[in-house]
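J.: Structure file target-v9.txt (compact mmCIF, C-alpha atoms) right here:
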```txt
# COMPACT_ATOMS: atom_id res chain seq x y z
CA MET A 249 11.06 10.80 10.76
CA THR A 250 12.56 9.88 7.39
CA ASN A 251 15.46 7.47 7.10
CA ASP A 252 17.30 5.95 4.15
CA TRP A 253 16.19 2.49 3.10
CA ILE A 254 19.59 1.83 1.60
CA GLY A 255 19.13 -0.95 -0.88
CA TYR A 256 18.32 -4.17 1.00
CA GLU A 257 15.56 -5.46 3.17
CA PRO A 258 15.62 -5.00 6.94
CA VAL A 259 16.58 -7.81 9.25
CA THR A 260 16.79 -8.11 13.02
CA SER A 261 18.21 -4.99 14.70
CA GLU A 262 18.13 -2.81 11.58
CA PHE A 263 15.32 -0.92 13.21
CA THR A 264 15.84 -0.06 16.83
CA ALA A 265 13.03 -0.58 19.33
CA SER A 266 12.45 3.16 19.32
CA GLY A 267 11.49 3.10 15.66
CA VAL A 268 14.76 4.39 14.20
CA PHE A 269 16.15 2.72 11.10
CA ASN A 270 19.78 1.91 11.82
CA VAL A 271 21.61 2.85 8.62
CA SER A 272 25.01 2.12 10.16
CA TYR A 273 24.27 -1.53 10.94
CA ALA A 274 27.44 -3.59 10.43
CA ALA A 275 27.89 -5.52 7.16
CA ASN A 276 25.05 -3.73 5.36
CA GLN A 277 27.13 -3.13 2.28
CA ALA A 278 28.25 -6.74 2.13
CA ARG A 279 24.63 -7.84 1.98
CA GLN A 280 23.48 -5.27 -0.54
CA ARG A 281 22.33 -6.75 -3.83
CA LEU A 282 20.90 -5.16 -6.95
CA TRP A 283 17.42 -6.14 -8.01
CA PRO A 284 17.31 -6.11 -11.83
CA GLY A 285 13.96 -5.16 -13.33
CA LEU A 286 12.50 -3.35 -10.35
CA TYR A 287 11.27 -0.72 -12.79
CA GLY A 288 9.37 -2.24 -15.67
CA ALA A 289 8.99 -5.74 -14.21
CA LYS A 290 5.63 -6.87 -12.89
CA THR A 291 6.97 -6.73 -9.33
CA ARG A 292 6.91 -3.12 -8.16
CA ALA A 293 7.52 -3.57 -4.41
CA LEU A 294 8.92 -6.53 -2.49
CA PHE A 295 9.73 -6.90 1.21
CA ASN A 296 10.95 -10.04 2.95
CA PHE A 297 11.68 -9.03 6.50
CA ALA A 298 13.27 -12.42 7.20
CA ASP A 299 16.07 -12.11 4.65
CA THR A 300 18.29 -9.56 2.94
CA SER A 301 17.46 -10.07 -0.72
CA ASP A 302 16.11 -6.65 -1.65
CA ALA A 303 17.83 -4.07 -3.75
CA LYS A 304 16.69 -0.68 -4.94
CA GLY A 305 16.85 1.90 -2.17
CA HIS A 306 13.82 3.94 -1.11
CA ALA A 307 13.29 6.38 1.73
CA VAL A 308 11.19 5.06 4.60
CA SER A 309 9.27 7.03 7.21
CA VAL A 310 8.97 5.10 10.47
CA TYR A 311 6.14 5.86 12.92
CA GLY A 312 5.44 4.74 16.44
CA ASN A 313 7.51 1.82 17.69
CA SER A 314 7.89 0.00 14.37
CA TYR A 315 10.96 -2.20 14.28
CA VAL A 316 12.24 -5.52 12.94
CA SER A 317 12.74 -8.45 15.30
CA GLY A 318 12.79 -12.17 14.68
CA GLY A 319 12.64 -11.63 10.92
CA LYS A 320 9.31 -9.79 11.14
CA LEU A 321 8.19 -6.18 11.04
CA GLN A 322 6.75 -5.56 14.50
CA LEU A 323 3.66 -3.32 14.52
CA ASP A 324 2.14 -4.14 17.87
CA GLY A 325 1.70 -0.73 19.47
CA SER A 326 -0.29 2.44 19.02
CA GLY A 327 0.37 4.20 15.71
CA ASP A 328 3.00 1.73 14.46
CA TYR A 329 3.46 1.74 10.69
CA ILE A 330 5.97 2.56 7.97
CA ALA A 331 5.45 4.52 4.75
CA PHE A 332 7.38 4.81 1.49
CA SER A 333 6.51 8.02 -0.32
CA ASN A 334 9.03 7.62 -3.14
CA TYR A 335 7.62 4.35 -4.38
CA GLU A 336 5.00 6.52 -6.01
CA ASN A 337 6.13 6.40 -9.62
CA ASP A 338 6.60 2.62 -9.39
CA LEU A 339 3.04 2.23 -8.13
CA ILE A 340 1.04 4.20 -10.66
CA VAL A 341 -2.33 2.44 -10.81
CA ASN A 342 -4.49 2.90 -13.88
CA ASN A 343 -6.70 0.12 -15.28
CA GLU A 344 -4.08 -2.61 -15.09
CA ASP A 345 -4.42 -5.98 -13.44
CA LEU A 346 -2.56 -6.16 -10.15
CA ALA A 347 -1.85 -8.56 -7.30
CA ILE A 348 -0.74 -7.98 -3.72
CA ASP A 349 0.50 -10.63 -1.28
CA VAL A 350 0.94 -10.09 2.46
CA LEU A 351 2.04 -12.54 5.15
CA ALA A 352 0.74 -11.13 8.44
CA LYS A 353 -0.44 -11.97 11.93
CA LEU A 354 -2.96 -10.25 14.18
CA ASN A 355 -2.63 -10.35 17.92
CA GLY A 356 -5.10 -12.19 20.11
CA ALA A 357 -6.82 -9.07 21.45
CA SER A 358 -7.77 -7.58 18.11
CA ALA A 359 -11.58 -7.78 18.28
CA GLY A 360 -13.79 -4.85 19.22
CA THR A 361 -12.99 -1.31 18.23
CA SER A 362 -9.75 -1.75 16.29
CA TYR A 363 -9.34 -1.51 12.49
CA PRO A 364 -6.06 -3.37 11.78
CA CYS A 365 -4.86 -2.34 8.31
CA LEU A 366 -2.33 -4.53 6.51
CA PHE A 367 -1.38 -2.10 3.77
CA ALA A 368 -2.64 0.82 1.72
CA LEU A 369 -1.86 2.46 -1.61
CA TYR A 370 -2.81 6.13 -1.34
CA ASP A 371 -2.44 9.03 -3.79
CA GLY A 372 -3.64 11.80 -1.47
CA SER A 373 -7.31 11.44 -2.40
CA THR A 374 -8.12 7.84 -3.39
CA LEU A 375 -7.27 4.65 -1.64
CA ILE A 376 -6.78 0.91 -2.11
CA ALA A 377 -6.45 -0.87 1.23
CA ILE A 378 -7.02 -4.24 2.92
CA ARG A 379 -8.07 -4.07 6.56
CA TYR A 380 -10.30 -5.56 9.23
CA VAL A 381 -13.31 -3.61 10.45
CA ASP A 382 -14.48 -3.18 14.02
CA GLY A 383 -17.39 -4.82 15.81
CA GLY A 384 -20.06 -2.38 14.65
CA TRP A 385 -20.85 -3.83 11.23
CA GLY A 386 -23.51 -6.45 11.97
CA SER A 387 -22.84 -9.73 10.17
CA TYR A 388 -19.61 -8.24 8.80
CA ALA A 389 -18.30 -7.30 12.26
CA ASN A 390 -14.56 -7.82 12.77
CA ARG A 391 -14.16 -9.26 9.27
CA LEU A 392 -11.57 -8.67 6.56
CA SER A 393 -12.56 -5.94 4.11
CA LEU A 394 -11.37 -4.24 0.95
CA GLN A 395 -11.45 -0.43 0.76
CA LEU A 396 -11.80 0.90 -2.81
CA ASP A 397 -12.35 4.62 -3.07
CA GLY A 398 -14.38 5.57 -6.09
CA THR A 399 -16.81 2.65 -5.77
CA THR A 400 -20.36 2.46 -4.44
CA GLY A 401 -22.65 -0.24 -3.16
CA GLY A 402 -20.21 -1.99 -0.88
CA GLN A 403 -21.58 -4.13 1.94
CA LEU A 404 -19.94 -1.77 4.41
CA GLY A 405 -21.37 1.26 2.68
CA GLY A 406 -19.85 3.16 -0.23
CA ALA A 407 -16.33 1.93 -0.88
CA GLY A 408 -16.13 -0.83 1.77
CA TRP A 409 -16.42 -4.42 0.54
CA SER A 410 -16.59 -7.62 2.58
CA SER A 411 -18.50 -10.91 2.95
CA THR A 412 -19.82 -13.18 5.67
CA SER A 413 -17.30 -15.67 4.26
CA ALA A 414 -14.40 -13.32 5.01
CA PRO A 415 -12.13 -14.27 7.93
CA THR A 416 -12.66 -12.62 11.29
CA LYS A 417 -9.95 -11.17 13.50
CA THR A 418 -10.18 -14.31 15.62
CA ASP A 419 -9.53 -16.45 12.53
CA ALA A 420 -6.40 -14.42 11.77
CA SER A 421 -4.95 -14.07 15.28
CA ASN A 422 -1.82 -15.56 16.80
CA THR A 423 -0.39 -17.19 13.68
CA ASP A 424 0.78 -16.04 10.24
CA HIS A 425 -1.72 -16.04 7.38
CA TRP A 426 -1.41 -15.24 3.68
CA TYR A 427 -3.56 -12.48 2.19
CA SER A 428 -3.63 -12.30 -1.60
CA ILE A 429 -5.63 -9.59 -3.33
CA SER A 430 -5.92 -9.30 -7.10
CA ARG A 431 -7.71 -7.20 -9.69
CA VAL A 432 -8.23 -9.10 -12.95
CA SER A 433 -10.17 -7.47 -15.80
CA GLY A 434 -11.83 -5.11 -13.34
CA VAL A 435 -12.84 -7.78 -10.80
CA TRP A 436 -11.23 -7.87 -7.36
CA ASN A 437 -10.51 -11.23 -5.69
CA VAL A 438 -9.67 -11.46 -1.98
CA TYR A 439 -7.95 -14.67 -0.85
CA PHE A 440 -7.15 -15.84 2.68
CA ASP A 441 -4.59 -18.66 2.87
CA GLY A 442 -5.20 -19.38 -0.81
CA ALA A 443 -9.02 -19.67 -0.62
CA LEU A 444 -11.24 -17.09 -2.34
CA LYS A 445 -13.34 -15.32 0.30
CA PHE A 446 -15.10 -12.61 -1.68
CA GLN A 447 -15.08 -10.60 -4.89
CA CYS A 448 -15.89 -7.05 -5.95
CA ASN A 449 -16.82 -6.31 -9.56
CA GLN A 450 -15.90 -2.63 -9.51
CA MET A 451 -12.67 -1.29 -10.95
CA GLY A 452 -11.84 0.94 -8.01
CA PRO A 453 -9.30 3.77 -8.23
CA SER A 454 -7.94 3.96 -11.77
CA ASN A 455 -6.82 7.55 -12.12
CA ASN A 456 -3.22 6.85 -13.22
CA SER A 457 -1.89 8.50 -10.07
CA PRO A 458 1.36 7.60 -8.32
CA ARG A 459 0.67 6.03 -4.94
CA LYS A 460 2.38 6.00 -1.59
CA LEU A 461 2.87 2.53 -0.07
CA ILE A 462 1.91 2.31 3.61
CA ILE A 463 2.50 -0.88 5.62
CA GLY A 464 0.46 -1.28 8.79
CA SER A 465 -1.97 1.62 8.47
CA ILE A 466 -3.74 4.11 6.22
CA GLU A 467 -1.76 7.36 6.22
CA LEU A 468 -3.92 10.37 5.41
CA ALA A 469 -1.00 12.77 5.77
CA ALA A 470 2.57 12.40 6.98
CA GLY A 471 2.31 11.07 10.51
CA VAL A 472 -1.51 11.18 10.48
CA HIS A 473 -2.92 7.68 10.34
CA ASN A 474 -6.33 6.07 10.39
CA TRP A 475 -7.61 2.49 10.50
CA GLY A 476 -4.26 1.35 11.72
CA VAL A 477 -2.97 -0.30 14.83
CA ASN A 478 -4.28 1.15 18.07
CA GLY A 479 -2.69 -1.19 20.55
CA SER A 480 -4.90 -4.19 19.84
CA GLY A 481 -4.64 -4.97 16.16
CA LEU A 482 -1.91 -5.95 13.75
CA ALA A 483 1.00 -7.80 15.32
CA THR A 484 3.58 -8.56 12.61
CA ILE A 485 4.18 -8.53 8.87
CA SER A 486 6.70 -10.99 7.46
CA ALA A 487 6.47 -10.32 3.72
CA LEU A 488 4.70 -8.08 1.20
CA ARG A 489 4.73 -7.92 -2.60
CA VAL A 490 2.92 -5.64 -5.08
CA CYS A 491 2.74 -6.65 -8.76
CA ILE A 492 1.16 -4.81 -11.70
CA GLY A 493 0.67 -6.51 -15.06
CA THR A 494 -1.23 -9.22 -16.90
CA ASN A 495 -1.25 -13.00 -16.45
CA LEU A 496 -0.44 -12.90 -12.74
CA GLY A 497 -2.47 -16.07 -12.13
CA TYR A 498 -4.63 -14.83 -9.26
CA THR A 499 -8.04 -16.11 -10.38
CA GLY A 500 -10.43 -18.92 -9.50
CA SER A 501 -11.75 -20.32 -6.23
CA SER A 502 -8.27 -21.03 -4.90
CA ILE A 503 -4.65 -20.20 -5.64
CA SER A 504 -1.35 -21.74 -4.64
CA LEU A 505 0.06 -20.17 -1.50
CA PRO A 506 2.99 -17.86 -2.09
CA SER A 507 6.32 -18.97 -0.69
CA ASP A 508 8.16 -17.19 2.09
CA PRO A 509 10.43 -15.44 1.24
CA LEU A 510 8.57 -13.91 -1.66
CA THR A 511 10.32 -13.66 -5.03
CA GLU A 512 9.93 -11.37 -8.03
CA ILE A 513 7.25 -12.18 -10.63
```
Just give me the structure as C-alpha cells.
T.:
Amino acid sequence: MTNDWIGYEPVTSEFTASGVFNVSYAANQARQRLWPGLYGAKTRALFNFADTSDAKGHAVSVYGNSYVSGGKLQLDGSGDYIAFSNYENDLIVNNEDLAIDVLAKLNGASAGTSYPCLFALYDGSTLIAIRYVDGGWGSYANRLSLQLDGTTGGQLGGAGWSSTSAPTKTDASNTDHWYSISRVSGVWNVYFDGALKFQCNQMGPSNNSPRKLIIGSIELAAGVHNWGVNGSGLATISALRVCIGTNLGYTGSSISLPSDPLTEI
C-alpha cells in the first residue's frame, strides 16, 4: 500500500500495528516543521523515529506489519519493511563520496538462515545495501556484509564484501548498535559502533541513477523483497541518515559515534 508521509517523522501510533500509516493522527500539523536544504544539502534522507523533527514529505509504501512503537520502527515479523520510491532524485549516486548512518537492533534469534537487511539503495538493476548473511558462508557466516552491485572479488563472491572482523548477528542482537558506512575517494569503510571493521576498494554502483530507499529489506519490485526480515532477523531501527558530498569525516580506524536523534550535515 502507499500512504502519504506528510512532512514529519513518525512517532508512536502514527503507524498502526497492521502496517497502515495513520495520516489523521491528532496534532500532526502542529508538529510539522520545514527542513531547509533537504535538496542540495549533504543530507539527502533523515529519519529519527523517536522525535518529530523531519520536514519534506515523501510517499511511503508500508509492507508486512511495519509500525512505530516506543520511538522505533518495528520490523520484527515476516516481510516487514518500508520503501520510499520518490526519494529517487534526491539519492542519485554517481562517483560522489557518501555516508550512511543507521541505529538498529537485531533480535536474539537472528542466526541461521536469515539475512537481516538494514537498508538498501536500489535503482531497479544495481544495489547498495548493508545486511547480515546467513550461516552458510564459512568464516564469514552470520556476519555483517556490504552488497555492491557492479563489483567483483568480494569475500562472499562477486559483489558481497565482509571480513572476519565484522560483527556477527550475536554481536548485534538485543541492543541498539550504530552502523556507519562511507565511500571516500572510491574506498568503502564499514564501521560498527564507531570502529572500522572492514573496507572495500571498489567504487561500486556509480551510474548516476536515482535510487529508491528501502528500510528493512532489499525490494526487487514493489512488494517483492529479498534478504529482509523473515521472522528471525531485524528487530528495530531508531534512526537513519544518508549524506552525499565531500568532507563528511568518515575515515580512519574509528569515528565519533553519531548522536541520537540524528541531525542534518
J.: Taking (4.0, -6.1, -9.6) as a centre in this file's frame and 6 Å as the limit, can you find every polymer residue with an atom that close, using all atoms listed in the file, and give them as a PyMOL selection string?
T.: chain A and resi 290-292+490-492
J.: Neighbours of A:Trp436 within 10 Å (only C-alpha atoms; same-chain residues fewer than 2 positions away dropped), as a list in words?
T.: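 That gives Asp345, Leu346, Ala347, Leu394, Leu396, Ile429, Ser430, Arg431, Val432, Ser433, Gly434, Val438, Tyr439, Phe446, Gln447, Cys448, Asn449, Gln450, Met451, Gly452, Tyr498 and Thr499 of chain A.
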J.: Of the candidates A:Asp508, A:Asp441, A:Glu467, A:Asp397, which one gets nearest to A:Ala368 if we count all atoms listed in the file?
T.: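 The shortest atom-to-atom distance to A:Ala368 comes from A:Glu467.
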J.: Could you state the separation of atom CA of A:Ser501 and atom CA of A:Leu444 in Å, given to one decimal place?
T.: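 Atom-to-atom, atom CA of A:Ser501 to atom CA of A:Leu444, that is 5.1 Å.
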J.: One decimal, in Å: what's the spacing between atom CA of A:Tyr370 and atom CA of A:Ala352?
T.: 20.2 Å
J.: Please compute the atom CA of A:Leu339-atom CA of A:Ile376 distance, one decimal, in Å.
T.: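 A separation of 11.6 Å between them.
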J.: As a list in words, please: the residues near stretch 383-389 of chain A (cut-off 12 Å, all atoms listed in the file, same-chain neighbours under 2 positions excluded).
T.: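 Returned residues: Ser358, Ala359, Gly360, Thr361, Ser362, Tyr363, Tyr380, Val381, Arg391, Leu392, Ser393, Gly402, Gln403, Leu404, Gly405, Gly408, Trp409, Ser410, Ser411, Thr412, Ser413, Ala414, Pro415, Thr416, Lys417 and Thr418 of chain A.
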J.: Counting only C-alpha atoms, figure out which residue out of A:Cys365, A:Leu351, A:Ala331, A:Ile463 gets nearest to A:Asn296.
T.: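 Among A:Cys365, A:Leu351, A:Ala331, A:Ile463, it is A:Leu351 that comes nearest to A:Asn296.
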J.: Which of these residues is nearest to A:Phe297, using only C-alpha atoms: A:Lys445, A:Arg379, A:Arg489, A:Arg459?
T.: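 So, comparing all the options, the nearest one is A:Arg489.
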J.: Nearest to A:Asn342: which of A:Gly312, A:Gly497, A:Pro458, A:Gly401 is it, counting only C-alpha atoms?
T.: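 Checking each of A:Gly312, A:Gly497, A:Pro458, A:Gly401 against A:Asn342, counting only C-alpha atoms, the winner is A:Pro458.
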J.: Please return as a VMD selection string every residue within 6 Å of (4.5, 6.0, 12.6), taking into account only C-alpha atoms and the file's own coordinates.
T.: chain A and resid 310 to 312 327 to 330 471
J.: Find, counting all atoms listed in the file, the residue in A:Ala469, A:Phe295, A:Leu369, A:Val435 that gets nearest to A:Glu512.
T.: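 Selected residue with least distance to A:Glu512: A:Phe295.
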J.: Looking at A:Ser502, A:Gly398, A:Ala483, A:Gly493, which one is nearest to A:Ser317, with distances taken over all atoms listed in the file?
T.: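 Of all the options, A:Ala483 lies closest to A:Ser317.
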